[in-house]
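Text of start_13.cif, listed as mmCIF, C-alpha atoms:
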```cif
data_final
#
loop_
_atom_site.label_atom_id
_atom_site.label_comp_id
_atom_site.auth_asym_id
_atom_site.auth_seq_id
_atom_site.Cartn_x
_atom_site.Cartn_y
_atom_site.Cartn_z
CA MET A 1 -204.49 -7.36 -73.80
CA SER A 2 -205.70 -5.12 -76.61
CA ALA A 3 -208.42 -2.53 -76.16
CA LYS A 4 -210.58 -4.33 -78.73
CA ASN A 5 -212.94 -6.14 -76.37
CA ALA A 6 -213.08 -3.21 -73.98
CA VAL A 7 -214.09 -0.84 -76.80
CA LEU A 8 -216.59 -3.36 -78.10
CA GLY A 9 -218.14 -3.63 -74.63
CA LEU A 10 -218.45 0.15 -74.38
CA VAL A 11 -220.09 0.38 -77.84
CA ILE A 12 -222.59 -2.34 -76.82
CA GLU A 13 -223.39 -0.37 -73.68
CA ARG A 14 -223.99 2.78 -75.69
CA PRO A 15 -223.07 3.77 -79.27
CA GLY A 16 -220.43 6.48 -79.41
CA TYR A 17 -217.79 8.24 -81.49
CA GLY A 18 -214.03 7.82 -81.15
CA TYR A 19 -213.23 10.58 -78.68
CA ASP A 20 -216.29 9.78 -76.58
CA LEU A 21 -215.20 6.13 -76.38
CA ALA A 22 -211.63 7.13 -75.47
CA ARG A 23 -212.97 9.23 -72.60
CA ARG A 24 -215.25 6.44 -71.41
CA LEU A 25 -212.38 3.93 -71.62
CA GLN A 26 -210.22 6.19 -69.45
CA ALA A 27 -213.05 6.76 -66.94
CA ARG A 28 -213.79 3.04 -66.69
CA PHE A 29 -210.27 1.60 -66.60
CA GLY A 30 -208.13 4.47 -65.34
CA SER A 31 -204.46 3.97 -65.98
CA SER A 32 -204.74 0.29 -66.92
CA GLY A 33 -202.48 0.81 -69.87
CA PHE A 34 -204.99 1.59 -72.62
CA ALA A 35 -203.63 4.50 -74.64
CA PRO A 36 -206.45 6.81 -75.85
CA THR A 37 -205.23 6.35 -79.42
CA GLY A 38 -205.73 2.61 -79.02
CA VAL A 39 -209.47 3.26 -79.32
CA TYR A 40 -209.14 4.28 -82.96
CA SER A 41 -207.11 1.22 -84.00
CA ALA A 42 -209.55 -0.95 -82.02
CA LEU A 43 -212.49 0.64 -83.91
CA ASP A 44 -210.69 0.05 -87.26
CA GLN A 45 -210.14 -3.59 -86.32
CA LEU A 46 -213.71 -4.06 -85.09
CA SER A 47 -215.07 -2.44 -88.27
CA ALA A 48 -212.89 -4.70 -90.46
CA ASP A 49 -214.21 -7.72 -88.53
CA ALA A 50 -217.79 -6.43 -88.97
CA MET A 51 -218.31 -6.28 -85.21
CA VAL A 52 -219.17 -2.58 -85.20
CA ARG A 53 -220.61 -0.40 -87.93
CA SER A 54 -221.31 3.23 -88.50
CA ALA A 55 -224.68 4.32 -87.19
CA GLY A 56 -224.37 7.35 -89.44
CA PRO A 57 -222.49 10.61 -88.95
CA ARG A 58 -223.68 13.10 -86.36
CA SER A 59 -222.85 16.78 -86.61
CA ASN A 60 -220.82 18.33 -83.86
CA ALA A 61 -223.28 20.56 -82.01
CA ALA A 62 -220.48 22.49 -80.30
CA ASN A 63 -218.81 23.39 -83.58
CA GLU A 64 -220.96 23.42 -86.72
CA ARG A 65 -217.98 23.83 -89.04
CA ALA A 66 -216.19 20.76 -87.68
CA ALA A 67 -216.39 17.49 -89.61
CA PRO A 68 -219.33 15.28 -88.56
CA ARG A 69 -218.44 12.49 -86.14
CA THR A 70 -218.95 8.84 -86.94
CA ILE A 71 -221.08 7.15 -84.34
CA TYR A 72 -220.29 3.45 -83.91
CA GLU A 73 -222.79 0.80 -82.90
CA ALA A 74 -222.35 -2.93 -82.35
CA THR A 75 -223.46 -5.50 -84.94
CA PRO A 76 -225.12 -8.80 -83.94
CA LYS A 77 -221.80 -10.48 -84.74
CA GLY A 78 -220.05 -8.07 -82.38
CA ILE A 79 -222.55 -8.78 -79.61
CA ASP A 80 -222.09 -12.54 -80.07
CA HIS A 81 -218.31 -12.14 -79.99
CA PHE A 82 -218.51 -10.06 -76.80
CA GLU A 83 -220.70 -12.66 -75.06
CA GLU A 84 -218.25 -15.40 -76.08
CA TRP A 85 -215.37 -13.33 -74.72
CA MET A 86 -217.26 -12.88 -71.43
CA LEU A 87 -217.60 -16.67 -71.12
CA SER A 88 -214.00 -17.45 -72.08
CA GLY A 89 -211.19 -17.81 -69.52
CA SER A 90 -209.00 -14.88 -68.48
CA SER A 91 -205.22 -15.32 -68.48
CA LEU A 92 -202.86 -13.75 -65.99
CA ALA A 93 -200.83 -10.88 -67.40
CA PRO A 94 -197.20 -11.86 -68.03
CA VAL A 95 -194.67 -10.31 -65.68
CA ARG A 96 -192.30 -8.34 -67.86
CA ASP A 97 -190.81 -5.41 -66.09
CA GLU A 98 -187.71 -3.37 -66.72
CA LEU A 99 -186.77 -3.05 -63.05
CA TYR A 100 -187.09 -6.83 -62.58
CA MET A 101 -184.78 -7.36 -65.54
CA LYS A 102 -182.28 -4.81 -64.21
CA ILE A 103 -182.22 -6.50 -60.79
CA ALA A 104 -181.88 -9.95 -62.35
CA LEU A 105 -178.93 -8.83 -64.45
CA SER A 106 -177.32 -6.45 -61.96
CA ARG A 107 -173.95 -6.75 -60.25
CA PRO A 108 -173.02 -5.61 -56.74
CA HIS A 109 -171.74 -2.23 -57.92
CA ASN A 110 -175.25 -1.49 -59.32
CA LEU A 111 -176.90 -1.80 -55.90
CA ALA A 112 -176.77 1.87 -54.95
CA ARG A 113 -178.49 2.89 -58.19
CA LEU A 114 -181.08 0.11 -57.91
CA ILE A 115 -181.96 1.29 -54.40
CA GLU A 116 -182.61 4.75 -55.81
CA LEU A 117 -184.67 3.30 -58.64
CA ALA A 118 -186.78 1.29 -56.21
CA ARG A 119 -187.40 4.40 -54.10
CA SER A 120 -188.31 6.39 -57.18
CA GLN A 121 -190.74 3.72 -58.39
CA GLU A 122 -192.34 3.64 -54.96
CA GLU A 123 -192.91 7.39 -55.23
CA ASP A 124 -194.38 6.91 -58.70
CA CYS A 125 -196.79 4.27 -57.38
CA LEU A 126 -197.95 6.60 -54.60
CA ALA A 127 -198.28 9.50 -57.02
CA ARG A 128 -200.46 7.33 -59.26
CA MET A 129 -202.43 6.29 -56.21
CA GLN A 130 -202.86 9.94 -55.24
CA SER A 131 -204.08 10.78 -58.74
CA LEU A 132 -206.88 8.21 -58.60
CA LYS A 133 -210.12 9.96 -57.86
CA GLN A 134 -212.75 8.63 -55.55
CA PRO A 135 -215.56 7.03 -57.50
CA SER A 136 -218.80 8.86 -57.89
CA GLY A 137 -221.80 7.46 -56.18
CA GLY A 138 -223.67 7.13 -52.95
CA GLN A 139 -222.31 7.50 -49.49
CA GLY A 140 -223.48 6.71 -46.04
CA GLY A 141 -224.63 3.19 -46.68
CA ALA A 142 -226.81 3.89 -49.70
CA LEU A 143 -227.16 0.88 -51.95
CA ARG A 144 -225.01 1.27 -55.02
CA ALA A 145 -225.93 0.42 -58.56
CA TRP A 146 -223.97 -2.53 -59.92
CA SER A 147 -222.26 -0.26 -62.46
CA GLU A 148 -220.80 1.78 -59.57
CA VAL A 149 -219.71 -1.32 -57.67
CA ALA A 150 -218.11 -2.72 -60.84
CA VAL A 151 -216.03 0.44 -61.30
CA LEU A 152 -215.08 0.24 -57.62
CA LEU A 153 -213.91 -3.35 -57.94
CA VAL A 154 -211.83 -2.60 -61.03
CA ARG A 155 -210.28 0.43 -59.34
CA ASP A 156 -209.52 -1.74 -56.30
CA ALA A 157 -207.78 -4.28 -58.53
CA GLU A 158 -205.64 -1.54 -60.00
CA ILE A 159 -204.76 -0.13 -56.57
CA LYS A 160 -204.05 -3.61 -55.18
CA GLN A 161 -201.51 -4.07 -57.97
CA LEU A 162 -199.89 -0.80 -56.94
CA GLU A 163 -199.93 -1.93 -53.31
CA ALA A 164 -198.31 -5.26 -54.14
CA ARG A 165 -195.72 -3.39 -56.18
CA VAL A 166 -194.95 -0.98 -53.33
CA GLU A 167 -194.71 -3.84 -50.82
CA TRP A 168 -192.26 -5.65 -53.08
CA LEU A 169 -190.27 -2.46 -53.72
CA GLN A 170 -189.97 -1.80 -49.98
CA LYS A 171 -188.80 -5.34 -49.25
CA ALA A 172 -186.39 -5.35 -52.20
CA ARG A 173 -185.03 -1.96 -51.18
CA ALA A 174 -184.50 -3.09 -47.56
CA ILE A 175 -182.54 -6.16 -48.71
CA MET A 176 -180.51 -4.19 -51.23
CA GLN A 177 -179.70 -1.57 -48.57
CA ARG A 178 -178.54 -4.27 -46.18
CA LEU A 179 -176.32 -5.92 -48.81
CA ASN A 180 -175.02 -2.58 -50.03
CA GLY A 181 -174.13 -1.64 -46.46
CA ALA A 182 -172.35 -4.95 -45.96
CA GLN A 183 -170.52 -4.47 -49.25
CA THR A 184 -169.43 -0.98 -48.29
CA ARG A 185 -168.14 -2.25 -44.95
CA CYS A 186 -166.22 -5.07 -46.66
CA GLN A 187 -164.68 -2.66 -49.12
CA ALA A 188 -163.67 -0.42 -46.25
CA GLN A 189 -161.86 -3.41 -44.75
CA GLY A 190 -160.13 -4.05 -48.03
CA ASP A 191 -162.00 -7.26 -48.80
CA ARG A 192 -163.42 -8.15 -52.14
CA VAL A 193 -167.13 -8.89 -52.42
CA ALA A 194 -167.88 -11.54 -54.91
CA MET F 1 -208.89 30.77 -42.33
CA SER F 2 -205.65 30.00 -40.57
CA SER F 3 -202.94 28.43 -42.70
CA GLN F 4 -201.29 26.93 -39.62
CA ALA F 5 -201.33 23.17 -39.35
CA ARG F 6 -203.55 21.88 -36.60
CA LEU F 7 -201.12 19.03 -36.04
CA GLU F 8 -197.47 19.19 -36.96
CA LEU F 9 -194.75 16.59 -36.58
CA ASP F 10 -191.32 18.03 -37.12
CA ARG F 11 -188.44 15.54 -37.57
CA VAL F 12 -189.88 13.14 -35.04
CA SER F 13 -187.95 9.97 -34.17
CA LYS F 14 -188.96 7.12 -31.91
CA SER F 15 -187.24 3.89 -30.91
CA TYR F 16 -188.11 0.83 -28.89
CA TRP F 17 -185.81 -1.47 -26.98
CA ARG F 18 -186.36 -5.18 -27.43
CA GLY F 19 -183.95 -6.77 -25.01
CA PRO F 20 -180.50 -5.44 -25.85
CA HIS F 21 -181.58 -4.32 -29.35
CA GLU F 22 -182.82 -0.87 -30.17
CA THR F 23 -185.27 -0.61 -33.09
CA THR F 24 -185.88 2.79 -34.60
CA VAL F 25 -189.55 2.84 -35.60
CA LEU F 26 -189.83 6.46 -36.75
CA LYS F 27 -186.91 8.27 -38.34
CA GLU F 28 -187.19 12.04 -38.60
CA ILE F 29 -190.83 12.04 -39.67
CA SER F 30 -192.30 15.38 -40.68
CA LEU F 31 -196.02 15.68 -41.34
CA SER F 32 -198.67 18.37 -41.08
CA VAL F 33 -202.42 17.87 -40.85
CA TYR F 34 -204.72 20.83 -41.39
CA ALA F 35 -208.30 21.47 -40.32
CA GLY F 36 -210.71 20.20 -42.94
CA GLU F 37 -208.53 17.44 -44.34
CA CYS F 38 -208.13 13.72 -43.93
CA VAL F 39 -204.58 12.38 -44.17
CA ALA F 40 -204.11 8.62 -44.57
CA VAL F 41 -200.87 6.76 -43.88
CA TRP F 42 -200.39 3.27 -45.25
CA GLY F 43 -197.68 0.87 -44.21
CA GLN F 44 -197.05 -2.84 -43.95
CA ARG F 45 -197.60 -4.68 -40.69
CA GLY F 46 -195.00 -3.59 -38.15
CA SER F 47 -194.05 -0.49 -40.12
CA GLY F 48 -194.73 1.82 -37.15
CA LYS F 49 -198.14 3.22 -38.17
CA THR F 50 -199.71 2.87 -34.73
CA THR F 51 -196.61 4.34 -33.09
CA LEU F 52 -196.90 7.30 -35.45
CA LEU F 53 -200.51 7.85 -34.39
CA LYS F 54 -199.68 7.52 -30.68
CA VAL F 55 -196.90 10.06 -30.98
CA ALA F 56 -199.16 12.38 -33.02
CA ALA F 57 -201.90 12.16 -30.39
CA GLY F 58 -199.51 12.78 -27.48
CA LEU F 59 -199.97 9.27 -26.09
CA GLU F 60 -196.25 8.56 -26.52
CA ALA F 61 -193.35 10.99 -26.45
CA PRO F 62 -190.80 11.00 -29.27
CA GLU F 63 -187.06 10.67 -28.56
CA SER F 64 -186.35 13.66 -30.72
CA GLY F 65 -188.28 16.13 -32.81
CA VAL F 66 -191.33 18.19 -31.98
CA VAL F 67 -195.06 17.45 -32.05
CA ARG F 68 -197.21 20.58 -32.15
CA PHE F 69 -200.96 20.70 -31.72
CA LYS F 70 -202.47 24.10 -32.56
CA GLU F 71 -198.93 25.49 -32.52
CA GLN F 72 -198.35 24.25 -28.98
CA SER F 73 -195.57 21.71 -28.42
CA LEU F 74 -196.69 18.48 -26.78
CA VAL F 75 -193.11 17.61 -25.94
CA GLY F 76 -192.49 18.72 -22.40
CA MET F 77 -196.17 19.50 -21.77
CA SER F 78 -197.33 18.67 -18.24
CA ARG F 79 -199.22 15.45 -17.72
CA ALA F 80 -202.30 17.42 -16.71
CA GLY F 81 -202.07 19.46 -19.91
CA LEU F 82 -201.78 16.33 -22.02
CA VAL F 83 -204.73 14.72 -20.25
CA ARG F 84 -206.82 17.85 -20.89
CA LEU F 85 -205.87 17.80 -24.57
CA LEU F 86 -206.75 14.14 -24.91
CA ARG F 87 -210.04 14.71 -23.13
CA GLU F 88 -211.14 17.84 -24.95
CA GLU F 89 -209.27 18.31 -28.19
CA ILE F 90 -208.05 14.99 -29.52
CA GLY F 91 -210.42 12.18 -30.36
CA TRP F 92 -208.78 8.76 -30.42
CA ALA F 93 -211.04 6.10 -31.90
CA ARG F 94 -210.57 2.95 -29.85
CA ARG F 95 -211.26 -0.29 -31.64
CA SER F 96 -211.60 -2.33 -28.49
CA GLY F 97 -215.08 -1.16 -27.49
CA PRO F 98 -216.45 -0.79 -23.95
CA GLU F 99 -215.04 -2.63 -20.96
CA SER F 100 -218.49 -3.90 -20.03
CA ASP F 101 -220.35 -6.20 -22.40
CA GLU F 102 -223.67 -5.01 -20.98
CA LEU F 103 -223.31 -1.38 -22.01
CA GLU F 104 -225.64 -0.20 -24.77
CA MET F 105 -223.95 1.81 -27.49
CA LEU F 106 -225.95 4.94 -26.66
CA ASP F 107 -224.41 4.94 -23.18
CA TYR F 108 -220.97 3.86 -24.39
CA VAL F 109 -220.75 6.83 -26.77
CA ALA F 110 -222.15 9.12 -24.02
CA LEU F 111 -219.45 8.08 -21.50
CA PRO F 112 -216.80 10.67 -22.51
CA LEU F 113 -219.31 13.46 -21.80
CA LEU F 114 -220.35 12.43 -18.33
CA LYS F 115 -217.82 14.56 -16.46
CA GLN F 116 -219.22 17.66 -18.13
CA GLN F 117 -222.91 16.91 -18.59
CA ASN F 118 -225.74 15.03 -17.00
CA MET F 119 -226.80 11.68 -18.42
CA ARG F 120 -229.84 13.01 -20.26
CA ARG F 121 -227.84 15.61 -22.19
CA ALA F 122 -224.96 13.21 -22.76
CA ARG F 123 -227.35 10.65 -24.23
CA ARG F 124 -228.87 13.26 -26.51
CA ARG F 125 -225.45 14.17 -27.89
CA SER F 126 -224.54 10.50 -28.10
CA ALA F 127 -227.65 9.84 -30.19
CA ALA F 128 -226.69 12.73 -32.48
CA ALA F 129 -223.12 11.38 -32.84
CA LEU F 130 -224.40 7.89 -33.68
CA ALA F 131 -226.80 9.35 -36.24
CA ARG F 132 -224.01 11.50 -37.69
CA VAL F 133 -221.94 8.41 -38.53
CA GLY F 134 -224.96 6.50 -39.81
CA VAL F 135 -225.50 3.94 -37.04
CA ALA F 136 -228.43 5.43 -35.13
CA GLY F 137 -229.99 1.96 -35.28
CA CYS F 138 -227.20 0.57 -33.07
CA SER F 139 -227.94 2.78 -30.06
CA LYS F 140 -229.70 -0.01 -28.16
CA GLY F 141 -227.27 -2.67 -29.35
CA ARG F 142 -224.33 -4.12 -27.48
CA TRP F 143 -220.76 -4.29 -28.78
CA GLU F 144 -220.83 -8.03 -29.32
CA ASP F 145 -223.96 -7.72 -31.47
CA LEU F 146 -222.37 -5.29 -33.93
CA THR F 147 -220.73 -6.07 -37.25
CA ASP F 148 -217.12 -4.98 -37.84
CA GLY F 149 -218.36 -2.05 -39.90
CA GLU F 150 -220.78 -0.93 -37.19
CA ARG F 151 -218.08 -1.24 -34.52
CA THR F 152 -215.81 1.02 -36.54
CA LEU F 153 -218.54 3.61 -36.93
CA VAL F 154 -219.51 3.46 -33.25
CA SER F 155 -215.82 3.91 -32.32
CA ILE F 156 -215.67 6.99 -34.51
CA ALA F 157 -218.85 8.34 -32.88
CA HIS F 158 -217.28 7.66 -29.45
CA ALA F 159 -214.18 9.63 -30.44
CA MET F 160 -216.17 12.48 -32.00
CA VAL F 161 -218.86 12.98 -29.38
CA ARG F 162 -216.81 15.66 -27.59
CA GLN F 163 -216.30 17.46 -30.89
CA PRO F 164 -212.49 17.29 -30.89
CA SER F 165 -210.24 19.34 -33.16
CA LEU F 166 -208.19 16.34 -34.21
CA LEU F 167 -209.55 12.87 -34.88
CA VAL F 168 -207.06 10.00 -34.88
CA VAL F 169 -208.13 6.56 -36.09
CA ASP F 170 -205.97 3.46 -36.27
CA ASP F 171 -206.85 1.21 -39.24
CA PRO F 172 -210.56 2.10 -39.45
CA THR F 173 -211.02 -0.08 -42.51
CA ALA F 174 -209.46 -3.27 -41.11
CA ASN F 175 -211.70 -6.31 -41.69
CA LEU F 176 -214.25 -4.34 -43.70
CA ASP F 177 -215.53 -5.33 -47.13
CA VAL F 178 -215.29 -2.98 -50.08
CA LEU F 179 -218.65 -1.29 -49.56
CA GLN F 180 -218.22 -0.89 -45.79
CA ARG F 181 -214.76 0.52 -46.42
CA GLU F 182 -216.13 3.08 -48.87
CA GLU F 183 -218.76 4.09 -46.35
CA VAL F 184 -216.26 4.57 -43.51
CA MET F 185 -213.70 6.40 -45.63
CA GLY F 186 -216.38 8.60 -47.20
CA LEU F 187 -217.59 9.45 -43.71
CA LEU F 188 -214.09 10.37 -42.48
CA ARG F 189 -213.51 12.61 -45.48
CA SER F 190 -216.87 14.36 -45.21
CA THR F 191 -216.48 14.70 -41.43
CA ALA F 192 -213.14 16.43 -41.92
CA GLU F 193 -214.66 18.81 -44.44
CA GLN F 194 -218.00 19.53 -42.83
CA ASP F 195 -216.95 19.57 -39.17
CA TRP F 196 -213.68 21.34 -39.93
CA LEU F 197 -211.73 18.56 -38.26
CA ALA F 198 -208.16 17.48 -38.85
CA VAL F 199 -208.27 13.73 -39.39
CA LEU F 200 -205.20 11.49 -39.27
CA ILE F 201 -205.69 7.80 -39.92
CA THR F 202 -203.68 4.73 -40.75
CA VAL F 203 -204.98 2.25 -43.28
CA PRO F 204 -204.19 -1.45 -43.75
CA ASP F 205 -204.46 -1.35 -47.53
CA MET F 206 -204.02 1.15 -50.31
CA PRO F 207 -207.59 1.15 -51.71
CA SER F 208 -208.62 2.72 -48.39
CA MET F 209 -206.57 5.80 -49.22
CA VAL F 210 -208.60 6.91 -52.22
CA HIS F 211 -210.94 9.12 -50.20
CA ALA F 212 -208.15 10.82 -48.23
CA HIS F 213 -207.10 14.33 -49.18
CA ARG F 214 -203.44 13.40 -48.81
CA ILE F 215 -201.64 10.09 -48.48
CA GLY F 216 -198.30 8.81 -47.29
CA SER F 217 -196.44 5.52 -47.03
CA LEU F 218 -194.43 4.48 -43.98
CA SER F 219 -191.59 2.04 -44.40
CA ASP F 220 -188.23 1.56 -42.77
CA GLY F 221 -189.21 4.27 -40.30
CA ARG F 222 -189.53 6.93 -42.99
CA LEU F 223 -192.65 8.58 -44.35
CA LEU F 224 -192.87 8.89 -48.09
CA VAL F 225 -195.33 11.47 -49.39
CA PRO F 226 -195.86 11.44 -53.15
CA SER F 227 -194.45 14.41 -54.98
CA GLY F 228 -197.18 16.87 -55.87
CA ALA F 229 -198.83 16.14 -52.54
CA SER F 230 -196.98 18.72 -50.53
CA PRO F 231 -198.35 19.30 -47.05
CA GLU F 232 -198.67 23.00 -47.87
CA ARG F 233 -202.23 24.14 -47.27
CA ASP F 234 -202.80 25.34 -50.81
CA ASN F 235 -202.16 21.93 -52.27
CA VAL F 236 -204.91 20.13 -50.42
CA VAL F 237 -207.36 18.93 -53.02
CA ASP F 238 -211.10 19.52 -53.04
CA PHE F 239 -210.95 22.67 -50.97
CA PRO F 240 -212.42 24.95 -49.70
CA VAL F 241 -215.12 23.25 -47.74
CA ARG F 242 -218.63 23.59 -49.03
CA GLY F 243 -221.62 24.40 -46.94
CA ARG F 244 -219.98 25.41 -43.69
CA ALA F 245 -218.07 28.45 -42.60
CA ALA F 246 -214.68 27.62 -41.21
CA PRO F 247 -214.27 28.51 -37.59
CA GLY F 248 -211.10 30.38 -36.79
CA GLY F 249 -208.03 28.47 -35.58
#
```

File written out as structure tokens:
Amino acid sequence: MSAKNAVLGLVIERPGYGYDLARRLQARFGSSGFAPTGVYSALDQLSADAMVRSAGPRSNAANERAAPRTIYEATPKGIDHFEEWMLSGSSLAPVRDELYMKIALSRPHNLARLIELARSQEEDCLARMQSLKQPSGGQGGALRAWSEVAVLLVRDAEIKQLEARVEWLQKARAIMQRLNGAQTRCQAQGDRVA
Amino acid sequence: MSSQARLELDRVSKSYWRGPHETTVLKEISLSVYAGECVAVWGQRGSGKTTLLKVAAGLEAPESGVVRFKEQSLVGMSRAGLVRLLREEIGWARRSGPESDELEMLDYVALPLLKQQNMRRARRRSAAALARVGVAGCSKGRWEDLTDGERTLVSIAHAMVRQPSLLVVDDPTANLDVLQREEVMGLLRSTAEQDWLAVLITVPDMPSMVHAHRIGSLSDGRLLVPSGASPERDNVVDFPVRGRAAPGG
């Protein structure tokens, strides 16, 4: 999925310049795979499609000598497109993963390395989990604004993906360890493992 | 501020026998929990999370390794010493609730205090504990009338009423929805910080770990702590505590 609709949604919420939108994209979606630079190509594309337009340059208050920033706002066409996108179906992301491919194409002598890779990926998932900050907002039963709950739900979805990944990695690692152990024992007995 | 861990597990191992088969549940687990932090351990069902908590709280002895609470080894401690620790220093949040269905939550939370204080004082502290966790309105309620979220909070109040140094909670977010979970986890984090408690919990899912200061994953008997999340005191995030002076020890 490109960042196009996400950037368009942010511009509809509030006009902004490129860097501001990149920061807001990061805050809203975390590490969902949107590169900050993707904001600029998304803005180019949205401008070419007449879905956003310049609301005029605004000088940089923090640095008067810096070039003025272009503030983007949504056009009526952009707003219509965004509403259509909201109503359209959402497809599941395709599963294309390097570790899956390695496991699918591996041979018994690769098992030891794959076990290490699975362990390392599990650590990476936990490190990413650790890096996720708690959302801002109320505590102690205070009613939350929908915008806070929405961020919470999206963050949960991201963490649940990490959790599913870690669960799979742990199960895969346990099976690979068992088979690797059996293979090592067979080799020790001088047998060949197919 | 002491840099010593309030709770320390040093290469702790634990096995169970099921018939003729021995299953090693914990394999050389090392973990430190400091005052003012909440540490969350996630693991799949049957991964040994509850066993880890029981060993950490002195309820079960490890086969090997050392469990230290305030630098004192629990391994080899007399039964009377362990009972005193569990009564005065370690709060274990039970999820099962009171034995009697008739007990009001104000009295249930007051029960741990009754050997030390009269009923009137115990009830006053119980009311304060219930208010502290945000369920003052449940004081006249009975266990069966409470929602899952309220039961969790009352259990935490029950464990905290004696103002322990270590709070241990098994799966406090089980069966809770997203908002209830946020409330409970936010409470455990703020309790650790404001009451200068060491909090060790297990969680049934990863989203519950976001509020913890440090996290770990238990699988195949081993505890995996993400790199960059060293148990060294200096690496605990969001420290020092705001708004309260840290008591010594």

*In terms of the shortest atom-to-atom distance over all atoms listed in the file, which of F:Ala35, F:Ala127, F:Val41, F:Tyr16 is closest to Pro226 (chain F)?*
F:Val41

_Within 10 Å of file point (-218.8, 0.8, -71.5), counting all atoms listed in the file, expressed as a ChimeraX atom specification_ = /A:6-16,21,24-25,27-29,147

*Within 10 Å of chain A, which residues of chain F are there when counting all atoms listed in the file? Please give them as a PyMOL selection string.*
chain F and resi 42-44+132-135+178-180+182-187+190+205-220+224-229

Contacts of Gly56 (chain A) at 12 Å or less, counting only C-alpha atoms, minus same-chain residues fewer than 6 places along, as a compact mmCIF listing (two decimals) with C-alpha atoms, keeping the file's coordinate frame?
```
# COMPACT_ATOMS: atom_id res chain seq x y z
CA PRO A 15 -223.07 3.77 -79.27
CA GLY A 16 -220.43 6.48 -79.41
CA TYR A 17 -217.79 8.24 -81.49
CA PRO A 68 -219.33 15.28 -88.56
CA ARG A 69 -218.44 12.49 -86.14
CA THR A 70 -218.95 8.84 -86.94
CA ILE A 71 -221.08 7.15 -84.34
CA TYR A 72 -220.29 3.45 -83.91
CA GLU A 73 -222.79 0.80 -82.90
```

*asked:* Report, in Å with one decimal, the straight-line distance from CA of Glu28 (chain F) to CA of Asp10 (chain F).
replied: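 Taking CA of Glu28 (chain F) as the start and CA of Asp10 (chain F) as the end point, the length is 7.4 Å.
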
*asked:* Just want the 9 Å neighbourhood of region 84-94 of chain F, counted on only C-alpha atoms, with same-chain residues fewer than 6 positions away dropped. Output as a ChimeraX atom specification.
replied: /F:57-59,112,152,154-170,172

Restricted to C-alpha atoms, what would the selected residues look like written as a PDB file, in the coordinates of the input?
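Wrote selection.pdb, looks like this:
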```pdb
ATOM      1  CA  ALA F  57    -201.900  12.160 -30.390  1.00  0.00           C
ATOM      2  CA  GLY F  58    -199.510  12.780 -27.480  1.00  0.00           C
ATOM      3  CA  LEU F  59    -199.970   9.270 -26.090  1.00  0.00           C
ATOM      4  CA  PRO F 112    -216.800  10.670 -22.510  1.00  0.00           C
ATOM      5  CA  THR F 152    -215.810   1.020 -36.540  1.00  0.00           C
ATOM      6  CA  VAL F 154    -219.510   3.460 -33.250  1.00  0.00           C
ATOM      7  CA  SER F 155    -215.820   3.910 -32.320  1.00  0.00           C
ATOM      8  CA  ILE F 156    -215.670   6.990 -34.510  1.00  0.00           C
ATOM      9  CA  ALA F 157    -218.850   8.340 -32.880  1.00  0.00           C
ATOM     10  CA  HIS F 158    -217.280   7.660 -29.450  1.00  0.00           C
ATOM     11  CA  ALA F 159    -214.180   9.630 -30.440  1.00  0.00           C
ATOM     12  CA  MET F 160    -216.170  12.480 -32.000  1.00  0.00           C
ATOM     13  CA  VAL F 161    -218.860  12.980 -29.380  1.00  0.00           C
ATOM     14  CA  ARG F 162    -216.810  15.660 -27.590  1.00  0.00           C
ATOM     15  CA  GLN F 163    -216.300  17.460 -30.890  1.00  0.00           C
ATOM     16  CA  PRO F 164    -212.490  17.290 -30.890  1.00  0.00           C
ATOM     17  CA  SER F 165    -210.240  19.340 -33.160  1.00  0.00           C
ATOM     18  CA  LEU F 166    -208.190  16.340 -34.210  1.00  0.00           C
ATOM     19  CA  LEU F 167    -209.550  12.870 -34.880  1.00  0.00           C
ATOM     20  CA  VAL F 168    -207.060  10.000 -34.880  1.00  0.00           C
ATOM     21  CA  VAL F 169    -208.130   6.560 -36.090  1.00  0.00           C
ATOM     22  CA  ASP F 170    -205.970   3.460 -36.270  1.00  0.00           C
ATOM     23  CA  PRO F 172    -210.560   2.100 -39.450  1.00  0.00           C
TER      24      PRO F 172
END
```

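In this model, the gap between CA of Ala112 (chain A) and CA of Asp97 (chain A) comes to 19.3 Å.
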
*Grab the CA of Leu176 (chain F) to CA of Val25 (chain F) distance for me, in Å with one decimal place.*
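CA of Val25 (chain F) lies at a distance of 27.0 Å from CA of Leu176 (chain F).
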
Residues within 10 Å of Ala56 (chain F), please, as an mmCIF file with C-alpha atoms, in the frame of the given file. Count all atoms listed in the file; anything in the same chain fewer than 5 positions from it doesn't count.
```
data_model
loop_
_atom_site.group_PDB
_atom_site.id
_atom_site.type_symbol
_atom_site.label_atom_id
_atom_site.label_comp_id
_atom_site.auth_asym_id
_atom_site.auth_seq_id
_atom_site.Cartn_x
_atom_site.Cartn_y
_atom_site.Cartn_z
ATOM 1 C CA LEU F 7 -201.120 19.030 -36.040
ATOM 2 C CA GLU F 8 -197.470 19.190 -36.960
ATOM 3 C CA LEU F 9 -194.750 16.590 -36.580
ATOM 4 C CA VAL F 12 -189.880 13.140 -35.040
ATOM 5 C CA LEU F 31 -196.020 15.680 -41.340
ATOM 6 C CA THR F 50 -199.710 2.870 -34.730
ATOM 7 C CA THR F 51 -196.610 4.340 -33.090
ATOM 8 C CA ALA F 61 -193.350 10.990 -26.450
ATOM 9 C CA PRO F 62 -190.800 11.000 -29.270
ATOM 10 C CA VAL F 66 -191.330 18.190 -31.980
ATOM 11 C CA VAL F 67 -195.060 17.450 -32.050
ATOM 12 C CA ARG F 68 -197.210 20.580 -32.150
ATOM 13 C CA PHE F 69 -200.960 20.700 -31.720
ATOM 14 C CA LEU F 74 -196.690 18.480 -26.780
ATOM 15 C CA ILE F 90 -208.050 14.990 -29.520
ATOM 16 C CA LEU F 166 -208.190 16.340 -34.210
ATOM 17 C CA VAL F 168 -207.060 10.000 -34.880
ATOM 18 C CA LEU F 200 -205.200 11.490 -39.270
#
```
